[in-house]
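Here is the file final_24.csv (CSV, C-alpha atoms and all ligand atoms).
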```csv
chain,number,residue,atom,x,y,z
A,1431,MET,CA,118.8,85.5,109.6
A,1432,GLU,CA,121.7,85.5,112.0
A,1433,PRO,CA,124.6,83.2,111.9
A,1434,ARG,CA,124.6,80.5,114.5
A,1435,MET,CA,128.1,80.9,115.9
A,1436,ASN,CA,129.6,78.7,118.5
A,1437,ARG,CA,131.3,81.8,119.7
A,1438,ARG,CA,127.9,83.3,120.6
A,1439,ASN,CA,127.0,80.4,122.8
A,1440,LEU,CA,130.4,80.6,124.4
A,1441,LEU,CA,129.8,84.3,125.0
A,1442,ARG,CA,126.4,83.6,126.5
A,1443,ALA,CA,127.9,81.1,128.9
A,1444,THR,CA,130.6,83.5,130.0
A,1445,ALA,CA,128.2,86.5,130.1
A,1446,ALA,CA,126.2,85.0,133.0
A,1447,GLY,CA,128.3,86.9,135.4
A,1448,THR,CA,126.5,87.4,138.7
A,1449,ALA,CA,126.1,84.6,141.1
A,1450,ALA,CA,122.3,84.5,141.6
A,1451,ALA,CA,120.6,83.4,138.5
A,1452,VAL,CA,120.0,79.8,137.7
A,1453,VAL,CA,116.6,78.9,136.2
A,1454,ALA,CA,116.7,75.2,136.8
A,1455,GLN,CA,113.6,74.3,138.7
A,1456,GLN,CA,114.2,72.2,141.8
A,1457,THR,CA,111.3,69.9,141.9
A,1458,SER,CA,112.6,67.4,144.4
A,1459,VAL,CA,115.3,66.9,146.8
A,1460,SER,CA,116.0,63.2,146.7
A,1461,ALA,CA,118.4,61.2,148.8
A,1462,GLY,CA,122.0,61.4,147.6
A,1463,VAL,CA,121.6,64.6,145.6
A,1464,PHE,CA,122.5,67.7,147.6
A,1465,GLU,CA,120.7,70.8,146.5
A,1466,PRO,CA,121.8,73.8,148.5
A,1467,VAL,CA,119.6,76.7,149.7
A,1468,LYS,CA,118.3,78.9,146.8
A,1469,ILE,CA,116.1,82.0,146.8
A,1470,GLN,CA,113.6,81.6,143.9
A,1471,GLU,CA,111.9,84.9,144.5
A,1472,PRO,CA,112.8,87.7,144.2
A,1473,PHE,CA,115.2,87.4,141.3
A,1474,HIS,CA,118.7,88.9,141.6
A,1475,GLY,CA,118.4,92.4,140.1
A,1476,ALA,CA,114.6,92.6,140.4
A,1477,VAL,CA,113.2,96.1,140.4
A,1478,LEU,CA,110.3,96.1,142.8
A,1479,ASN,CA,107.6,98.6,143.3
A,1480,ARG,CA,104.4,98.9,145.4
A,1481,ARG,CA,102.7,96.3,143.1
A,1482,ASN,CA,105.2,93.7,144.3
A,1483,GLY,CA,104.7,93.9,148.0
A,1484,ARG,CA,103.0,95.6,150.9
A,1485,GLN,CA,103.6,99.3,151.5
A,1486,VAL,CA,104.3,100.0,155.2
A,1487,ASP,CA,105.5,103.1,157.0
A,1488,ALA,CA,109.1,101.9,156.9
A,1489,GLY,CA,109.2,100.8,153.3
A,1490,LEU,CA,108.0,97.9,151.1
A,1491,MET,CA,107.5,94.5,152.7
A,1492,ILE,CA,108.1,91.8,150.2
A,1493,GLN,CA,107.8,88.0,150.2
A,1494,VAL,CA,111.0,85.9,149.8
A,1495,ARG,CA,110.4,82.3,148.6
A,1496,GLY,CA,112.9,79.5,148.1
A,1497,ARG,CA,114.0,76.0,148.7
A,1498,ALA,CA,116.4,74.4,151.1
A,1499,PRO,CA,117.3,70.9,152.3
A,1500,LEU,CA,114.4,69.4,154.3
A,1501,ARG,CA,116.0,69.2,157.7
A,1502,ASP,CA,118.0,72.4,157.5
A,1503,ARG,CA,117.3,75.4,159.7
A,1504,VAL,CA,116.8,78.4,157.4
A,1505,THR,CA,117.2,82.1,158.2
A,1506,VAL,CA,116.5,85.0,155.9
A,1507,ASN,CA,118.5,88.2,156.8
A,1508,GLY,CA,119.0,86.7,160.2
A,1509,SER,CA,115.4,85.8,161.0
A,1510,PRO,CA,114.0,82.3,161.0
A,1511,ALA,CA,112.1,81.5,157.8
A,1512,ARG,CA,108.8,79.5,157.7
A,1513,ARG,CA,109.3,76.0,156.3
A,1514,ALA,CA,107.0,73.6,154.5
A,1515,GLY,CA,108.7,70.6,153.1
A,1516,THR,CA,111.7,71.8,151.1
A,1517,SER,CA,110.4,75.3,150.6
A,1518,PHE,CA,110.8,78.3,152.8
A,1519,THR,CA,109.2,81.7,152.9
A,1520,ALA,CA,110.0,84.9,154.7
A,1521,GLU,CA,109.2,88.6,154.6
A,1522,VAL,CA,111.9,91.3,154.1
A,1523,LEU,CA,111.5,95.0,154.4
A,1524,LEU,CA,113.0,97.2,151.7
A,1525,SER,CA,113.8,100.6,153.1
A,1526,GLN,CA,116.7,101.6,150.9
A,1527,LYS,CA,117.3,101.8,147.1
A,1528,GLU,CA,119.1,98.5,147.2
A,1529,THR,CA,118.7,95.6,149.6
A,1530,ASP,CA,120.7,92.4,150.0
A,1531,ILE,CA,118.7,89.3,150.8
A,1532,ILE,CA,120.6,86.5,152.4
A,1533,ALA,CA,119.1,83.0,152.9
A,1534,ALA,CA,121.3,80.8,155.1
A,1535,SER,CA,120.7,77.2,155.8
A,1536,HIS,CA,122.3,75.3,158.6
A,1537,GLY,CA,122.3,71.5,158.5
A,1538,SER,CA,124.3,68.3,158.2
A,1539,PHE,CA,126.3,69.6,155.2
A,1540,GLY,CA,127.2,72.8,157.1
A,1541,LEU,CA,126.2,76.3,156.4
A,1542,HIS,CA,125.2,77.4,152.9
A,1543,GLU,CA,124.1,80.8,151.7
A,1544,HIS,CA,122.3,82.3,148.7
A,1545,ARG,CA,122.4,86.0,148.3
A,1546,VAL,CA,120.5,88.2,145.9
A,1547,ARG,CA,120.2,92.0,145.7
A,1548,VAL,CA,117.0,93.8,144.7
A,1549,VAL,CA,116.2,97.4,143.9
A,1550,TRP,CA,113.3,99.3,145.4
A,1551,ASP,CA,111.6,101.6,142.9
A,1552,ARG,CA,110.3,103.7,145.7
A,1553,HIS,CA,108.6,106.6,143.9
A,1554,SER,CA,107.2,104.4,141.1
A,1555,GLU,CA,104.1,105.5,139.3
A,1556,PRO,CA,102.5,104.3,136.1
A,1557,ARG,CA,104.6,105.9,133.3
A,1558,TYR,CA,105.5,105.4,129.7
A,1559,ARG,CA,108.4,106.3,127.5
A,1560,PHE,CA,108.5,106.6,123.7
A,1561,SER,CA,111.7,106.0,121.8
A,1562,ILE,CA,112.1,105.8,118.0
A,1563,ASP,CA,114.9,103.9,116.4
A,1564,ASP,CA,116.8,104.0,113.1
A,1565,ASN,CA,116.4,107.8,112.6
A,1566,SER,CA,118.3,109.4,109.7
A,1567,PHE,CA,115.9,110.3,106.9
A,1568,PHE,CA,114.3,113.3,108.7
A,1569,LEU,CA,117.7,114.9,109.2
A,1570,ARG,CA,118.7,114.4,105.6
A,1571,ASP,CA,115.3,115.9,104.5
A,1572,ILE,CA,115.7,119.0,106.7
A,1573,ALA,CA,119.3,119.5,105.5
A,1574,GLN,CA,118.3,119.1,101.8
A,1575,LYS,CA,115.1,121.1,101.8
A,1576,ASN,CA,116.6,123.8,104.0
A,1577,TYR,CA,113.2,124.4,105.7
A,1578,LYS,CA,112.5,127.5,107.6
A,1579,SER,CA,111.5,125.5,110.7
A,1580,LEU,CA,112.4,121.9,111.8
A,1581,PHE,CA,108.7,121.3,112.0
A,1582,ASP,CA,108.2,121.9,108.3
A,1583,CYS,CA,109.4,118.3,108.0
A,1584,PHE,CA,106.2,116.3,108.3
A,1585,TYR,CA,107.8,113.7,110.6
A,1586,LEU,CA,108.8,116.2,113.3
A,1587,LYS,CA,105.5,118.0,112.7
A,1588,GLY,CA,103.6,114.8,113.4
A,1589,LEU,CA,105.6,114.1,116.6
A,1590,ARG,CA,105.0,117.7,117.8
A,1591,GLU,CA,101.2,117.2,117.3
A,1592,LEU,CA,101.3,114.1,119.5
A,1593,HIS,CA,103.3,116.0,122.0
A,1594,SER,CA,100.8,118.9,122.0
A,1595,LYS,CA,97.9,116.5,122.3
A,1596,TYR,CA,99.3,114.1,125.0
A,1597,GLY,CA,102.5,115.7,126.4
A,1598,THR,CA,104.5,112.8,124.9
A,1599,ARG,CA,108.2,113.0,125.2
A,1600,PHE,CA,110.3,111.4,122.4
A,1601,VAL,CA,113.9,110.2,122.1
A,1602,LEU,CA,115.0,109.8,118.5
A,1603,ASN,CA,117.9,107.4,118.2
A,1604,ILE,CA,119.9,108.5,115.2
A,1605,TYR,CA,122.6,107.3,112.7
A,1606,TYR,CA,125.7,109.2,111.6
A,1607,THR,CA,125.0,108.6,108.0
A,1608,THR,CA,122.2,107.6,105.5
A,1609,GLU,CA,125.0,106.0,103.4
A,1610,ASP,CA,124.0,107.9,100.2
A,1611,GLY,CA,126.3,110.9,100.8
A,1612,PHE,CA,124.5,112.5,103.8
A,1613,GLU,CA,126.3,112.6,107.1
A,1614,LEU,CA,125.6,114.5,110.3
A,1615,PRO,CA,128.3,117.1,109.8
A,1616,GLN,CA,126.2,118.4,106.8
A,1617,PHE,CA,123.3,119.2,109.1
A,1618,PRO,CA,123.2,122.9,109.8
A,1619,ASP,CA,123.3,124.4,113.2
A,1620,ARG,CA,120.8,127.2,112.3
A,1621,TYR,CA,117.9,125.3,114.0
A,1622,LYS,CA,119.7,125.2,117.3
A,1623,SER,CA,117.4,127.6,119.1
A,1624,GLU,CA,114.4,125.6,117.8
A,1625,TRP,CA,115.9,122.4,119.2
A,1626,GLN,CA,116.4,124.2,122.5
A,1627,ASP,CA,112.9,125.5,122.6
A,1628,ASN,CA,111.6,121.9,122.3
A,1629,CYS,CA,114.3,120.1,124.4
A,1630,ASP,CA,111.9,119.2,127.2
A,1631,TRP,CA,110.1,116.7,125.0
A,1632,LEU,CA,112.4,116.1,122.0
A,1633,LYS,CA,115.8,114.4,122.5
A,1634,LEU,CA,118.4,113.0,120.1
A,1635,ALA,CA,120.5,110.0,121.0
A,1636,PHE,CA,123.1,107.8,119.3
A,1637,HIS,CA,121.8,104.6,117.8
A,1638,ALA,CA,124.5,103.3,115.3
A,1639,TYR,CA,126.9,104.6,112.7
A,1640,ALA,CA,124.5,103.5,109.9
A,1641,ASN,CA,121.6,101.2,109.2
A,1642,GLU,CA,123.8,98.6,107.6
A,1643,PRO,CA,125.2,96.2,108.4
A,1644,ALA,CA,122.6,94.6,110.7
A,1645,ARG,CA,123.7,93.9,114.3
A,1646,PRO,CA,126.8,96.2,114.0
A,1647,TYR,CA,127.8,96.0,117.6
A,1648,GLN,CA,126.9,92.3,118.4
A,1649,TYR,CA,130.6,91.3,118.0
A,1650,ALA,CA,132.2,94.8,117.8
A,1651,SER,CA,134.7,95.9,120.5
A,1652,ALA,CA,133.5,98.3,123.2
A,1653,SER,CA,136.0,100.9,121.9
A,1654,GLN,CA,134.4,100.7,118.4
A,1655,LEU,CA,130.9,101.2,119.9
A,1656,ILE,CA,132.0,104.1,122.1
A,1657,ALA,CA,133.9,105.7,119.2
A,1658,ASP,CA,130.7,105.7,117.1
A,1659,LEU,CA,128.7,106.9,120.0
A,1660,LYS,CA,131.0,109.9,120.5
A,1661,LYS,CA,131.0,110.7,116.8
A,1662,VAL,CA,127.2,111.1,116.8
A,1663,ALA,CA,127.1,112.8,120.2
A,1664,GLU,CA,129.6,115.4,119.1
A,1665,GLN,CA,127.3,116.3,116.1
A,1666,ILE,CA,124.1,116.4,118.2
A,1667,LEU,CA,125.9,118.8,120.6
A,1668,ARG,CA,127.0,120.9,117.7
A,1669,PHE,CA,123.7,121.4,115.9
A,1670,ALA,CA,121.1,120.9,118.7
A,1671,GLY,CA,122.9,121.7,121.9
A,1672,GLU,CA,123.5,119.9,125.2
A,1673,GLN,CA,119.9,120.1,126.4
A,1674,SER,CA,118.6,118.2,123.4
A,1675,TYR,CA,121.1,115.4,123.8
A,1676,SER,CA,120.1,112.1,125.4
A,1677,PRO,CA,122.4,109.1,126.1
A,1678,PRO,CA,121.5,106.1,124.0
A,1679,THR,CA,118.3,104.3,125.0
A,1680,VAL,CA,118.5,101.5,122.4
A,1681,ILE,CA,121.6,100.3,120.6
A,1682,HIS,CA,120.9,99.2,117.0
A,1683,TRP,CA,119.6,95.6,117.0
A,1684,GLY,CA,119.8,95.6,120.9
A,1685,MET,CA,123.0,93.6,120.9
A,1686,VAL,CA,126.4,94.6,122.4
A,1687,GLN,CA,129.3,92.7,123.9
A,1688,PRO,CA,129.0,92.3,127.7
A,1689,GLN,CA,132.3,94.3,128.1
A,1690,ALA,CA,130.6,97.2,126.4
A,1691,LEU,CA,128.0,97.8,129.2
A,1692,LYS,CA,130.3,99.5,131.7
A,1693,PRO,CA,131.7,101.9,129.0
A,1694,LEU,CA,128.1,102.7,128.0
A,1695,TYR,CA,127.3,103.5,131.6
A,1696,GLU,CA,130.3,105.7,131.7
A,1697,ASN,CA,128.9,107.5,128.7
A,1698,GLY,CA,125.6,108.3,130.4
A,1699,VAL,CA,123.6,105.2,129.6
A,1700,ARG,CA,121.3,104.3,132.5
A,1701,VAL,CA,118.6,102.2,130.8
A,1702,LEU,CA,118.7,100.0,127.7
A,1703,SER,CA,115.6,98.7,126.1
A,1704,GLY,CA,115.4,95.4,124.2
A,1705,TYR,CA,112.9,92.8,123.1
A,1706,PHE,CA,114.2,89.9,125.2
A,1707,ARG,CA,112.4,87.4,123.0
A,1708,ARG,CA,113.2,84.0,121.6
A,1709,LEU,CA,114.3,83.6,118.0
A,1710,GLY,CA,114.6,80.0,117.0
A,1711,GLY,CA,115.2,78.9,120.6
A,1712,ASP,CA,117.9,81.6,121.3
A,1713,TRP,CA,117.2,84.7,123.3
A,1714,ASP,CA,117.6,87.7,121.0
A,1715,VAL,CA,117.7,91.5,121.0
A,1716,ASN,CA,118.7,91.0,124.6
A,1717,TYR,CA,122.2,92.7,124.7
A,1718,LEU,CA,123.6,89.1,125.0
A,1719,LEU,CA,122.3,88.8,128.6
A,1720,ASP,CA,122.3,85.2,129.8
A,1721,ASP,CA,119.2,83.0,129.3
A,1722,ALA,CA,118.0,83.3,132.9
A,1723,ARG,CA,117.9,87.1,132.9
A,1724,SER,CA,116.6,87.2,129.3
A,1725,GLU,CA,113.7,84.9,130.3
A,1726,TYR,CA,113.0,87.0,133.4
A,1727,LEU,CA,113.0,90.2,131.3
A,1728,SER,CA,110.6,88.7,128.8
A,1729,ARG,CA,107.9,88.9,131.5
A,1730,HIS,CA,109.0,91.8,133.7
A,1731,ASP,CA,109.3,95.6,133.1
A,1732,ALA,CA,112.9,96.0,134.3
A,1733,LEU,CA,116.0,94.3,135.7
A,1734,MET,CA,119.2,95.9,137.2
A,1735,ASP,CA,122.6,94.7,136.1
A,1736,PHE,CA,124.7,95.5,139.1
A,1737,ASP,CA,128.0,95.0,137.4
A,1738,SER,CA,127.4,97.8,134.9
A,1739,GLY,CA,124.7,99.9,136.8
A,1740,ILE,CA,122.5,99.7,133.7
A,1741,VAL,CA,118.8,98.8,134.1
A,1742,PHE,CA,117.3,96.7,131.2
A,1743,SER,CA,113.8,97.5,130.1
A,1744,ARG,CA,111.6,95.3,128.0
A,1745,VAL,CA,109.9,96.9,125.0
A,1746,ASP,CA,106.2,96.5,125.4
A,1747,ILE,CA,105.1,97.3,121.9
A,1748,VAL,CA,106.7,98.0,118.5
A,1749,CYS,CA,104.2,100.2,116.7
A,1750,ASN,CA,105.4,99.5,113.2
A,1751,SER,CA,104.8,95.8,113.7
A,1752,THR,CA,101.5,96.1,115.5
A,1753,GLU,CA,98.4,96.9,113.4
A,1754,VAL,CA,96.0,99.6,114.7
A,1755,GLU,CA,93.4,97.1,116.0
A,1756,ARG,CA,96.0,95.1,117.8
A,1757,ILE,CA,97.5,98.0,119.8
A,1758,VAL,CA,95.1,98.1,122.7
A,1759,PRO,CA,94.9,94.2,122.9
A,1760,THR,CA,98.7,94.2,123.1
A,1761,LEU,CA,98.9,96.8,125.9
A,1762,GLU,CA,95.8,96.1,127.9
A,1763,PRO,CA,96.8,92.7,129.3
A,1764,LEU,CA,100.1,94.1,130.6
A,1765,THR,CA,98.1,96.3,133.1
A,1766,LYS,CA,96.8,93.1,134.7
A,1767,ASP,CA,100.2,91.8,135.5
A,1768,PRO,CA,101.9,93.4,138.5
A,1769,ASN,CA,105.3,92.6,137.0
A,1770,GLN,CA,104.6,94.5,133.7
A,1771,ALA,CA,101.9,97.1,134.6
A,1772,GLU,CA,104.0,100.0,135.8
A,1773,ILE,CA,106.2,100.9,132.9
A,1774,MET,CA,105.1,101.0,129.3
A,1775,ASP,CA,108.1,101.0,127.0
A,1776,ILE,CA,106.7,102.1,123.6
A,1777,PHE,CA,108.8,101.9,120.6
A,1778,THR,CA,108.9,102.2,116.8
A,1779,HIS,CA,111.2,102.9,113.8
A,1780,GLU,CA,111.5,106.0,111.7
A,1781,GLN,CA,111.7,104.4,108.2
A,1782,TYR,CA,108.1,103.3,108.2
A,1783,PHE,CA,106.9,107.0,108.2
A,1784,TRP,CA,108.5,107.6,104.8
A,1785,PRO,CA,106.5,107.0,101.6
A,1786,PHE,CA,109.7,106.1,99.7
A,1787,TYR,CA,110.5,103.3,102.1
A,1788,SER,CA,109.6,99.8,100.8
A,1789,ASN,CA,107.6,98.9,103.9
A,1790,TYR,CA,106.0,102.4,104.3
A,1791,LEU,CA,103.0,102.4,106.7
A,1792,PRO,CA,100.4,105.1,105.7
A,1793,ASP,CA,98.8,104.6,109.2
A,1794,HIS,CA,102.0,104.8,111.2
A,1795,PHE,CA,101.0,108.1,112.9
A,1796,GLN,CA,97.6,106.7,113.6
A,1797,ARG,CA,99.2,103.7,115.4
A,1798,LEU,CA,101.2,106.1,117.6
A,1799,ASP,CA,98.1,108.1,118.3
A,1800,VAL,CA,96.1,105.0,119.4
A,1801,ALA,CA,99.0,103.7,121.6
A,1802,ILE,CA,99.7,107.1,123.2
A,1803,ARG,CA,96.0,107.9,123.7
A,1804,TRP,CA,95.5,104.6,125.4
A,1805,VAL,CA,98.4,104.9,127.9
A,1806,THR,CA,97.3,108.5,128.6
A,1807,GLU,CA,93.7,107.6,129.3
A,1808,ASN,CA,95.0,104.8,131.6
A,1809,GLY,CA,97.0,107.2,133.7
A,1810,TYR,CA,100.5,106.6,132.4
A,1811,LYS,CA,102.7,109.7,132.5
A,1812,PRO,CA,105.4,110.5,129.8
A,1813,VAL,CA,109.0,110.1,131.0
A,1814,LEU,CA,112.5,110.0,129.6
A,1815,PHE,CA,114.3,106.9,131.0
A,1816,HIS,CA,117.8,108.6,131.1
A,1817,GLU,CA,116.7,111.3,133.5
A,1818,GLY,CA,116.8,109.1,136.6
A,1819,PHE,CA,116.1,105.7,137.9
A,1820,LEU,CA,113.9,104.7,135.0
A,1821,ALA,CA,112.7,108.3,135.3
A,1822,GLN,CA,110.3,107.7,138.2
A,1823,HIS,CA,107.6,110.2,137.6
A,1824,ARG,CA,107.3,112.6,140.6
A,1825,VAL,CA,104.3,114.8,141.0
B,1901,ZN,ZN,117.9,99.9,115.0
```
Represent the structure from my file as structure tokens, please.
Amino acid sequence: MEPRMNRRNLLRATAAGTAAAVVAQQTSVSAGVFEPVKIQEPFHGAVLNRRNGRQVDAGLMIQVRGRAPLRDRVTVNGSPARRAGTSFTAEVLLSQKETDIIAASHGSFGLHEHRVRVVWDRHSEPRYRFSIDDNSFFLRDIAQKNYKSLFDCFYLKGLRELHSKYGTRFVLNIYYTTEDGFELPQFPDRYKSEWQDNCDWLKLAFHAYANEPARPYQYASASQLIADLKKVAEQILRFAGEQSYSPPTVIHWGMVQPQALKPLYENGVRVLSGYFRRLGGDWDVNYLLDDARSEYLSRHDALMDFDSGIVFSRVDIVCNSTEVERIVPTLEPLTKDPNQAEIMDIFTHEQYFWPFYSNYLPDHFQRLDVAIRWVTENGYKPVLFHEGFLAQHRV
């Protein structure tokens, strides 16, 4: 379904960027092959919370684990590490938002260092966010029907019911055009006060210029992406107001050029969600992150990209592709894994709500209800990622 381009592999190779990440397992250190010191855990960019260490008065105490040449003397942040064969372990205290961890080995080949940086998610609590992609039909519907209220549109009415029941907060990622003549400038500003009345739980964000073509920003320039973002943002501000605006949370197809990340950050993006899954051997819907980080994200809630300042979040469930009876079995195992239990990134697509859509799902709202009821009953609080550091929920 996607072209296998040499260019893509080249991009992946050059996208690797930061120094830390190499997945290759070092299983043995044999004579003649020099393998320098390497921190295996934590991972460079890891976002760590109370589930990943021991909470002490001064902060979070975490385990550092790695390998170094057998006879080398190893220190971690200046203190001697425990050795067993080629492995080493140490404890490091996280007392600030970001901490550098430096493993140094001194031996016959001299001094070698491996350095990673991790983020302490200090105020972390179980939380969930809900974002819906590919939105455009509801805006066309409201503009065409000229409803008295936004919530006369069944789609927004359904979302409002979920909000009233569970307190859920939604970000709707929208297109500029439905490509059949409707464009955002045609959407009236007469609902502005209604948007404002609901802005604490209902946000609009840029997703793409249009549904087609697929993967519009995978090979587009950063300036093209930002120009489209601004075009949509300008319209949201005009018809809904600043308080209803959210920076993008998912870019259409979850693929952008590495050079686009910094400009996205400069335009308010703090978190981007993706699937970080394999498609025919290649990591996909991963914002073209390198393989090591994509693999890490496939089994962790979040990862910081220090170069851009953006945190990547793994989508935990796509409601439109998960049948009602599969929803709880999809979410429940995540709560048993300390690396995935804290943040539930819940996600779906607008088109499946509409009866005229070829893959219409009559039980789509029921799917949302089951997912949201489950996270609510399991103590997860509704958040909007763009509000802060993954929107830590503070009581
Ligand atoms: Zn999309």
| task | Take CA of Phe1567 (chain A) and CA of Tyr1675 (chain A) and report the distance between them in Å, one decimal. | result | 18.4 Å
| note | Students should find that CA of Leu1602 (chain A) and CA of Met1734 (chain A) are spaced 23.7 Å
| message | Within 6 Å of ligand ZN 1901 (chain B) (counting all atoms listed in the file), which residues show up? I'd like them as a PyMOL selection string. | response | chain A and resi 1563-1564+1682-1683
Write the residues of the preceding selection, restricted to C-alpha atoms, as a PDB file, keeping the file's coordinate frame.
```
ATOM      1  CA  ASP A1563     114.900 103.900 116.400  1.00  0.00           C
ATOM      2  CA  ASP A1564     116.800 104.000 113.100  1.00  0.00           C
ATOM      3  CA  HIS A1682     120.900  99.200 117.000  1.00  0.00           C
ATOM      4  CA  TRP A1683     119.600  95.600 117.000  1.00  0.00           C
TER       5      TRP A1683
END
```
| Smallest atom-to-atom distance to Leu1727 (chain A): which of A:Val1467, A:Ala1520, A:Leu1702, A:Val1748, using only C-alpha atoms? |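 Of the candidates, the smallest distance to Leu1727 (chain A) is held by A:Leu1702.
Residue nearest Lys1811 (chain A), chosen from A:Arg1547, A:Arg1495, A:Arg1559, A:Arg1708 and counting all atoms listed in the file: A:Arg1559.
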| task | Quick one: pull the distance between CA of Pro1510 (chain A) and CA of Gln1493 (chain A), Å, one decimal. | result |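 We find that CA of Pro1510 (chain A) and CA of Gln1493 (chain A) lie 13.7 Å from each other.
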| query | Taking into account all atoms listed in the file, which residue in the set A:Val1754, A:Ala1640, A:Val1546, A:Val1680 is nearest to Phe1742 (chain A)? | reply |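 Among the listed residues, the smallest separation from Phe1742 (chain A) belongs to A:Val1680.
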| Residue nearest Asp1731 (chain A) - candidates A:Gln1796, A:Asn1769, A:Asn1697, A:Thr1760, atoms counted: all atoms listed in the file |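 Closest to Asp1731 (chain A) of all the choices is A:Asn1769.
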| request: Pick out the closest residue to Ile1492 (chain A) from this set: A:Ser1509, A:Leu1614, A:His1544, A:Trp1550. Count all atoms listed in the file. | output: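 Going through A:Ser1509, A:Leu1614, A:His1544, A:Trp1550 one by one, the smallest distance to Ile1492 (chain A) is for A:Trp1550.
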Give me the region 1709-1754 of chain A side of the contact with region 1470-1478 of chain A, cut-off 12 Å, one line per residue showing its nearest atom pair and distance in Å at one decimal, counting all atoms listed in the file, sorted by chain and residue number, as JSON lines.
```
{"residue": "A:Ala1722", "atom": "CA", "partner": "A:Phe1473", "partner_atom": "CA", "distance": 9.8}
{"residue": "A:Arg1723", "atom": "CA", "partner": "A:Phe1473", "partner_atom": "CA", "distance": 8.8}
{"residue": "A:Glu1725", "atom": "CA", "partner": "A:Phe1473", "partner_atom": "CA", "distance": 11.4}
{"residue": "A:Tyr1726", "atom": "CA", "partner": "A:Phe1473", "partner_atom": "CA", "distance": 8.2}
{"residue": "A:Leu1727", "atom": "CA", "partner": "A:Ala1476", "partner_atom": "CA", "distance": 9.5}
{"residue": "A:Arg1729", "atom": "CA", "partner": "A:Ala1476", "partner_atom": "CA", "distance": 11.7}
{"residue": "A:His1730", "atom": "CA", "partner": "A:Ala1476", "partner_atom": "CA", "distance": 8.8}
{"residue": "A:Asp1731", "atom": "CA", "partner": "A:Val1477", "partner_atom": "CA", "distance": 8.3}
{"residue": "A:Ala1732", "atom": "CA", "partner": "A:Val1477", "partner_atom": "CA", "distance": 6.1}
{"residue": "A:Leu1733", "atom": "CA", "partner": "A:Ala1476", "partner_atom": "CA", "distance": 5.2}
{"residue": "A:Met1734", "atom": "CA", "partner": "A:Gly1475", "partner_atom": "CA", "distance": 4.6}
{"residue": "A:Asp1735", "atom": "CA", "partner": "A:Gly1475", "partner_atom": "CA", "distance": 6.2}
{"residue": "A:Phe1736", "atom": "CA", "partner": "A:Gly1475", "partner_atom": "CA", "distance": 7.1}
{"residue": "A:Asp1737", "atom": "CA", "partner": "A:Gly1475", "partner_atom": "CA", "distance": 10.3}
{"residue": "A:Ser1738", "atom": "CA", "partner": "A:Gly1475", "partner_atom": "CA", "distance": 11.7}
{"residue": "A:Gly1739", "atom": "CA", "partner": "A:Gly1475", "partner_atom": "CA", "distance": 10.3}
{"residue": "A:Ile1740", "atom": "CA", "partner": "A:Gly1475", "partner_atom": "CA", "distance": 10.5}
{"residue": "A:Val1741", "atom": "CA", "partner": "A:Gly1475", "partner_atom": "CA", "distance": 8.8}
{"residue": "A:Phe1742", "atom": "CA", "partner": "A:Gly1475", "partner_atom": "CA", "distance": 9.9}
{"residue": "A:Ser1743", "atom": "CA", "partner": "A:Val1477", "partner_atom": "CA", "distance": 10.4}
```
| task | Would you list the contacts of region 1585-1595 of chain A as a PyMOL selection string, taking every protein, DNA or RNA residue within 8 Å and counting all atoms listed in the file, but skipping same-chain residues closer than 4 positions in sequence? | result | chain A and resi 1568+1580-1581+1599-1600+1631+1783+1795+1799
For Ile1532 (chain A), list every protein, DNA or RNA residue within 6 Å, evaluated using all atoms listed in the file, and leave out those in the same chain fewer than 3 positions away; present the list as an mmCIF file with C-alpha atoms, in the frame of the given file.
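Written out: out-v5.cif:
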```cif
data_model
loop_
_atom_site.group_PDB
_atom_site.id
_atom_site.type_symbol
_atom_site.label_atom_id
_atom_site.label_comp_id
_atom_site.auth_asym_id
_atom_site.auth_seq_id
_atom_site.Cartn_x
_atom_site.Cartn_y
_atom_site.Cartn_z
ATOM 1 C CA VAL A 1506 116.500 85.000 155.900
ATOM 2 C CA ASN A 1507 118.500 88.200 156.800
ATOM 3 C CA HIS A 1544 122.300 82.300 148.700
ATOM 4 C CA ARG A 1545 122.400 86.000 148.300
#
```
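All residues of protein, DNA or RNA that reach within 10 Å of Gly1698 (chain A), judged by all atoms listed in the file and not counting those fewer than 6 positions away in the chain, are Ser1676, Pro1677, Pro1678, Thr1679, Ile1740, His1816 and Glu1817 of chain A.
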| query | So which residues touch Lys1660 (chain A) within 9 Å, counting all atoms listed in the file, skipping near sequence neighbours fewer than 5 positions away, as a list in words? | reply | Phe1636, Leu1655, Gln1665 and Asn1697 of chain A
Export of prior selection with C-alpha atoms as a CSV table (one decimal), in the frame of the given file:
```csv
chain,number,residue,atom,x,y,z
A,1636,PHE,CA,123.1,107.8,119.3
A,1655,LEU,CA,130.9,101.2,119.9
A,1665,GLN,CA,127.3,116.3,116.1
A,1697,ASN,CA,128.9,107.5,128.7
```
| remark: One residue among A:Asp1658, A:Glu1642, A:Asp1571, A:Glu1624 is nearest to Phe1612 (chain A) when using only C-alpha atoms, and that residue is A:Asp1571
| request: Please provide the set of residues having any atom within 6 Å of His1637 (chain A), restricted to all atoms listed in the file, with same-chain residues fewer than 4 positions apart removed, written as JSON, numbers by chain. | output: {"A": [1603, 1604, 1605, 1681, 1682]}
